[in-house]
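Novice: Let me give you the structure first, and then I'll get to my questions.
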Amino acid sequence: MTRARRGLREMRGFIFDLDGCVWTGDVLVPGAADVLALLRSQGRALTFLTNNSRARAATMQAKLERLGVQAATDEVLTPLEILGRVIDSHVGPASRVLAIGGPELEAAVVDGGHHLVPVSKYRDAQAVVVGNDFEFSYERLTAAARAVAGGAAFLTPNLDPRLPVEGDDFLPGCGAIVEAVAAAGCVRPLVVGKPEPPLIELALARMQLEPAEAAMVGDSVDSDIRGARRVGLTAVLLAPKGALDGVAHYMVKSMAQLKRLVETYNP
Ligand SMILES: [Mg+2]
């Protein structure tokens with residue numbers, strides 16, 4: 001007989017998604033600060049794990065602080081934290097990389113020991129990394145698609161099609177741009193962030209916890225819930241509109257509801 005899954009009262013650590021879970025755009029999700037403060041006061045470990053393709057841990061930590069949520073920089077993880085290492089293992093050290101995305105994506109490539117290739121020199125690229133690019137253009141699409149079609153490794157922080165923003169609205173996410181490159185290049189990308197295991201496993205290692213001791217709280221079934229299940233974590237889906245029963249171990253409609261579920265801590 002398999003051992004029963006531990007309940008949220010017993011979890012020693014929690015991994016929180018950021019967009020749509022802790023904040024929406026520049027506004028805290030109602031109740032998020034309360035539940036985070038409660039978990040901290042109980043002495044439980046916390047990690048904030050976002051699939052953000054444009055920001056490194058320090059930037060996300062600064063935003064948390066600005067919104068009134070206390071977090072150390074090593075409690076925050078984004079795919080950019082492991083991007084250099086993933087290029088190392090799939091392509092090799094000191095690779096030539098075409099980076100389509102924001103300045104922090106480029107900085108992560110360079111800090112990982114790799115070299116940036118300008119768009120006009122896409123044929124020299126050994127790897128193409130595509131993140132959310134607010135200046136995406138037909139020229140960049142052409143360069144990236146031709147490079148991956150020509151055999152360059154194709155990597156992305158995430159496949160999330162939408163970025164939730166204030167007013168129940170969205171911006172096109174990294175995944176929307178990646179799909180354009182994938183369609184034209186006829187190549188599927190390797191995903192660095194959730195739902196792939198490496199970033200989630202790094203979060204567990206930093207908290208010094210086993211998968212059975214931690215829960216992941218997120219609003220994306222494809223990234224958060226699938227990722228949690230892959231690594232063996234307890235999956236908590238934040239679904240304010242409901243109607244997604246069965247995909248996660250727990251489904252909550254609000255952070256206030258999550259707070260009630262973790263009010264008691266029995267480690
Ligand atoms: Mg999210």
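For the structure tokens, the naming scheme is as follows: chains receive sequential letters (A, B, ...) according to their order of presentation, residues are indexed from 1 within each chain, and ligands are indexed from 1 in presentation order.
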Skipping near chain neighbours, those fewer than 3 positions away, what residues fall within 12 Å of range 114-121 of chain A using only C-alpha atoms, listed as a short mmCIF file (atom, residue, chain, number, x, y, z; two decimals) with N, CA and C atoms, in the first residue's frame?
Specialist:
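File around31.cif, as written:
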data_model
loop_
_atom_site.label_atom_id
_atom_site.label_comp_id
_atom_site.auth_asym_id
_atom_site.auth_seq_id
_atom_site.Cartn_x
_atom_site.Cartn_y
_atom_site.Cartn_z
N LEU A 83 19.97 29.38 -16.87
CA LEU A 83 20.08 29.38 -18.34
C LEU A 83 21.50 29.07 -18.83
N GLY A 84 22.51 29.73 -18.22
CA GLY A 84 23.89 29.51 -18.65
C GLY A 84 24.30 28.04 -18.53
N ARG A 85 23.90 27.42 -17.40
CA ARG A 85 24.24 26.01 -17.18
C ARG A 85 23.52 25.08 -18.16
N VAL A 86 22.28 25.43 -18.50
CA VAL A 86 21.54 24.59 -19.44
C VAL A 86 22.21 24.67 -20.83
N ILE A 87 22.67 25.87 -21.21
CA ILE A 87 23.39 25.99 -22.49
C ILE A 87 24.69 25.18 -22.42
N ASP A 88 25.39 25.26 -21.27
CA ASP A 88 26.61 24.45 -21.07
C ASP A 88 26.34 22.98 -21.36
N VAL A 91 24.80 22.46 -25.23
CA VAL A 91 25.59 22.94 -26.37
C VAL A 91 27.08 22.90 -26.04
N GLY A 92 27.43 23.43 -24.87
CA GLY A 92 28.83 23.45 -24.46
C GLY A 92 29.19 24.79 -23.87
N PRO A 93 30.32 24.86 -23.18
CA PRO A 93 30.74 26.13 -22.60
C PRO A 93 31.14 27.12 -23.68
N ALA A 94 31.10 28.41 -23.35
CA ALA A 94 31.50 29.48 -24.27
C ALA A 94 30.84 29.36 -25.64
N SER A 95 29.52 29.12 -25.63
CA SER A 95 28.77 28.98 -26.88
C SER A 95 28.42 30.35 -27.46
N ARG A 96 28.19 30.38 -28.77
CA ARG A 96 27.72 31.59 -29.45
C ARG A 96 26.18 31.56 -29.46
N VAL A 97 25.57 32.57 -28.86
CA VAL A 97 24.13 32.53 -28.59
C VAL A 97 23.41 33.73 -29.20
N LEU A 98 22.36 33.46 -29.97
CA LEU A 98 21.45 34.52 -30.41
C LEU A 98 20.36 34.63 -29.35
N ALA A 99 20.29 35.77 -28.66
CA ALA A 99 19.30 35.98 -27.60
C ALA A 99 18.21 36.91 -28.09
N ILE A 100 16.98 36.42 -28.12
CA ILE A 100 15.82 37.24 -28.49
C ILE A 100 15.06 37.47 -27.19
N GLY A 101 15.10 38.70 -26.67
CA GLY A 101 14.44 38.96 -25.39
C GLY A 101 14.97 40.23 -24.77
N PRO A 103 17.06 42.74 -21.76
CA PRO A 103 18.46 42.90 -21.36
C PRO A 103 18.93 41.89 -20.30
N LEU A 105 17.92 38.81 -19.97
CA LEU A 105 18.13 37.53 -20.66
C LEU A 105 19.53 37.52 -21.27
N GLU A 106 19.88 38.63 -21.92
CA GLU A 106 21.22 38.74 -22.52
C GLU A 106 22.30 38.68 -21.43
N ALA A 107 22.06 39.37 -20.32
CA ALA A 107 23.04 39.37 -19.22
C ALA A 107 23.23 37.96 -18.65
N ALA A 108 22.14 37.20 -18.57
CA ALA A 108 22.23 35.83 -18.05
C ALA A 108 23.08 34.95 -18.96
N VAL A 109 22.94 35.17 -20.27
CA VAL A 109 23.74 34.40 -21.25
C VAL A 109 25.22 34.73 -21.06
N VAL A 110 25.53 36.03 -20.97
CA VAL A 110 26.92 36.48 -20.84
C VAL A 110 27.52 36.03 -19.50
N ASP A 111 26.76 36.20 -18.41
CA ASP A 111 27.25 35.77 -17.09
C ASP A 111 27.44 34.26 -17.02
N ASP A 124 25.93 32.34 -37.30
CA ASP A 124 27.04 31.92 -36.42
C ASP A 124 26.54 31.31 -35.10
N ALA A 125 25.24 31.43 -34.83
CA ALA A 125 24.73 31.02 -33.51
C ALA A 125 24.72 29.49 -33.36
N GLN A 126 25.22 29.04 -32.20
CA GLN A 126 25.13 27.62 -31.86
C GLN A 126 23.87 27.34 -31.04
N ALA A 127 23.34 28.40 -30.45
CA ALA A 127 22.11 28.28 -29.67
C ALA A 127 21.28 29.53 -29.85
N VAL A 128 19.96 29.37 -29.81
CA VAL A 128 19.03 30.49 -29.85
C VAL A 128 18.18 30.42 -28.59
N VAL A 129 18.17 31.51 -27.83
CA VAL A 129 17.33 31.57 -26.63
C VAL A 129 16.25 32.61 -26.89
N PHE A 136 9.97 42.63 -30.27
CA PHE A 136 10.02 41.54 -31.24
C PHE A 136 9.66 42.08 -32.63
N SER A 137 10.35 41.56 -33.64
CA SER A 137 10.15 42.08 -34.99
C SER A 137 10.23 40.93 -36.00
N TYR A 138 9.82 41.23 -37.23
CA TYR A 138 9.90 40.24 -38.30
C TYR A 138 11.35 39.86 -38.56
N GLU A 139 12.25 40.83 -38.41
CA GLU A 139 13.68 40.57 -38.60
C GLU A 139 14.20 39.58 -37.56
N ARG A 140 13.81 39.77 -36.30
CA ARG A 140 14.25 38.86 -35.24
C ARG A 140 13.64 37.47 -35.42
N LEU A 141 12.38 37.45 -35.83
CA LEU A 141 11.72 36.15 -36.08
C LEU A 141 12.45 35.40 -37.18
N THR A 142 12.79 36.11 -38.23
CA THR A 142 13.49 35.48 -39.37
C THR A 142 14.83 34.91 -38.92
N ALA A 143 15.60 35.72 -38.18
CA ALA A 143 16.93 35.28 -37.73
C ALA A 143 16.83 34.06 -36.83
N ALA A 144 15.92 34.11 -35.85
CA ALA A 144 15.80 33.01 -34.90
C ALA A 144 15.31 31.74 -35.59
N ALA A 145 14.31 31.88 -36.45
CA ALA A 145 13.75 30.71 -37.14
C ALA A 145 14.79 30.07 -38.06
N ARG A 146 15.54 30.91 -38.79
CA ARG A 146 16.57 30.35 -39.69
C ARG A 146 17.67 29.68 -38.89
N ALA A 147 18.05 30.27 -37.76
CA ALA A 147 19.13 29.69 -36.95
C ALA A 147 18.73 28.31 -36.41
#
Novice: Determine which residues of range 34-67 of chain A DSSP labels as helix (DSSP H, G or I) from the backbone of this structure, then write them out as a list in words.
Specialist: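 Written out, the helix (DSSP H, G or I) residues of range 34-67 of chain A are Asp34, Val35, Leu36, Ala37, Leu38, Leu39, Arg40, Ser41, Ala57, Ala58, Thr59, Met60, Gln61, Ala62, Lys63, Leu64, Glu65 and Arg66 of chain A.
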Novice: Hey, can you spit out that residue selection with C-alpha atoms as a short mmCIF file (atom, residue, chain, number, x, y, z; two decimals), in the first residue's frame?
Specialist:
data_model
loop_
_atom_site.label_atom_id
_atom_site.label_comp_id
_atom_site.auth_asym_id
_atom_site.auth_seq_id
_atom_site.Cartn_x
_atom_site.Cartn_y
_atom_site.Cartn_z
CA ASP A 34 -1.13 37.38 4.64
CA VAL A 35 -0.59 33.74 3.79
CA LEU A 36 3.11 34.32 3.10
CA ALA A 37 3.55 36.11 6.43
CA LEU A 38 1.73 33.27 8.21
CA LEU A 39 3.93 30.57 6.61
CA ARG A 40 7.03 32.56 7.59
CA SER A 41 5.86 32.97 11.17
CA ALA A 57 16.23 36.78 -9.09
CA ALA A 58 17.49 40.15 -7.79
CA THR A 59 14.93 42.05 -9.89
CA MET A 60 12.06 39.85 -8.71
CA GLN A 61 13.24 40.12 -5.09
CA ALA A 62 13.24 43.93 -5.40
CA LYS A 63 9.68 43.86 -6.75
CA LEU A 64 8.54 41.60 -3.88
CA GLU A 65 10.08 44.02 -1.42
CA ARG A 66 8.50 47.01 -3.17
#
Novice: As a list in words, please: every protein or nucleic acid residue near ligand 1 (cut-off 10 Å, counting only C-alpha atoms and all ligand atoms).
Specialist: Phe16, Asp17, Leu18, Asp19, Gly20, Cys21, Val22, Trp23, Thr24, Leu49, Thr50, Asn51, Asn52, Asp160, Arg162, Leu163, Pro164, Val217, Gly218, Asp219, Ser220, Val221, Asp222, Ser223, Asp224 and Leu238 of chain A
Novice: So which one's closest to Gln70 in chain A, A:Ile82, A:Phe48, A:Ser53, A:Pro195? Using only C-alpha atoms, please.
Specialist: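 Of A:Ile82, A:Phe48, A:Ser53, A:Pro195, the one nearest Gln70 in chain A is A:Phe48, counting only C-alpha atoms.
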Novice: Considering only C-alpha atoms, can you say which of A:Ala149, A:Arg206, A:Ala212, A:Asn158 comes closest to Val181 in chain A?
Specialist: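 The answer is A:Ala149, which sits nearest to Val181 in chain A.
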Novice: Counting only C-alpha atoms, which residue out of A:Ala214, A:Ala239, A:Leu155, A:Met255 sits closest to Arg6 in chain A?
Specialist: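 Once distances to Arg6 in chain A are computed over only C-alpha atoms, the minimum belongs to A:Ala214.
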Novice: What is the CA of Gly113 in chain A to CA of Arg56 in chain A distance in Å?
Specialist: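 Pair CA of Gly113 in chain A / CA of Arg56 in chain A returns 16.2 Å.
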Novice: Using only C-alpha atoms, determine which residues lie at most 12 Å from Arg5 in chain A, disregarding the query and same-chain residues fewer than 4 positions distant; provide the list as a PyMOL selection string.
Specialist: chain A and resi 9-11+211-215+232-235+249-250
Novice: Just give me the gap between CA of Val236 in chain A and CA of Ile15 in chain A in Å, one decimal is fine.
Specialist: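 So the two atoms, CA of Val236 in chain A and CA of Ile15 in chain A, lie 9.9 Å apart.
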Novice: Using only C-alpha atoms, pick whichever of A:Phe154, A:Phe14, A:Phe170, A:Tyr265 has the shortest atom-to-atom distance to Ala45 in chain A.
Specialist: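 For Ala45 in chain A, the nearest of the candidates is A:Phe14.
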Novice: Pick out the closest residue to Leu202 in chain A from this set: A:Ile225, A:Val178, A:Leu77, A:Leu8. Count only C-alpha atoms.
Specialist: A:Leu77
Novice: From the set A:Gly173, A:Ala153, A:Met207, A:Leu237, which residue has the shortest atom-to-atom contact distance to Glu75 in chain A, counting only C-alpha atoms?
Specialist: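 Closest residue, counting only C-alpha atoms: A:Met207.
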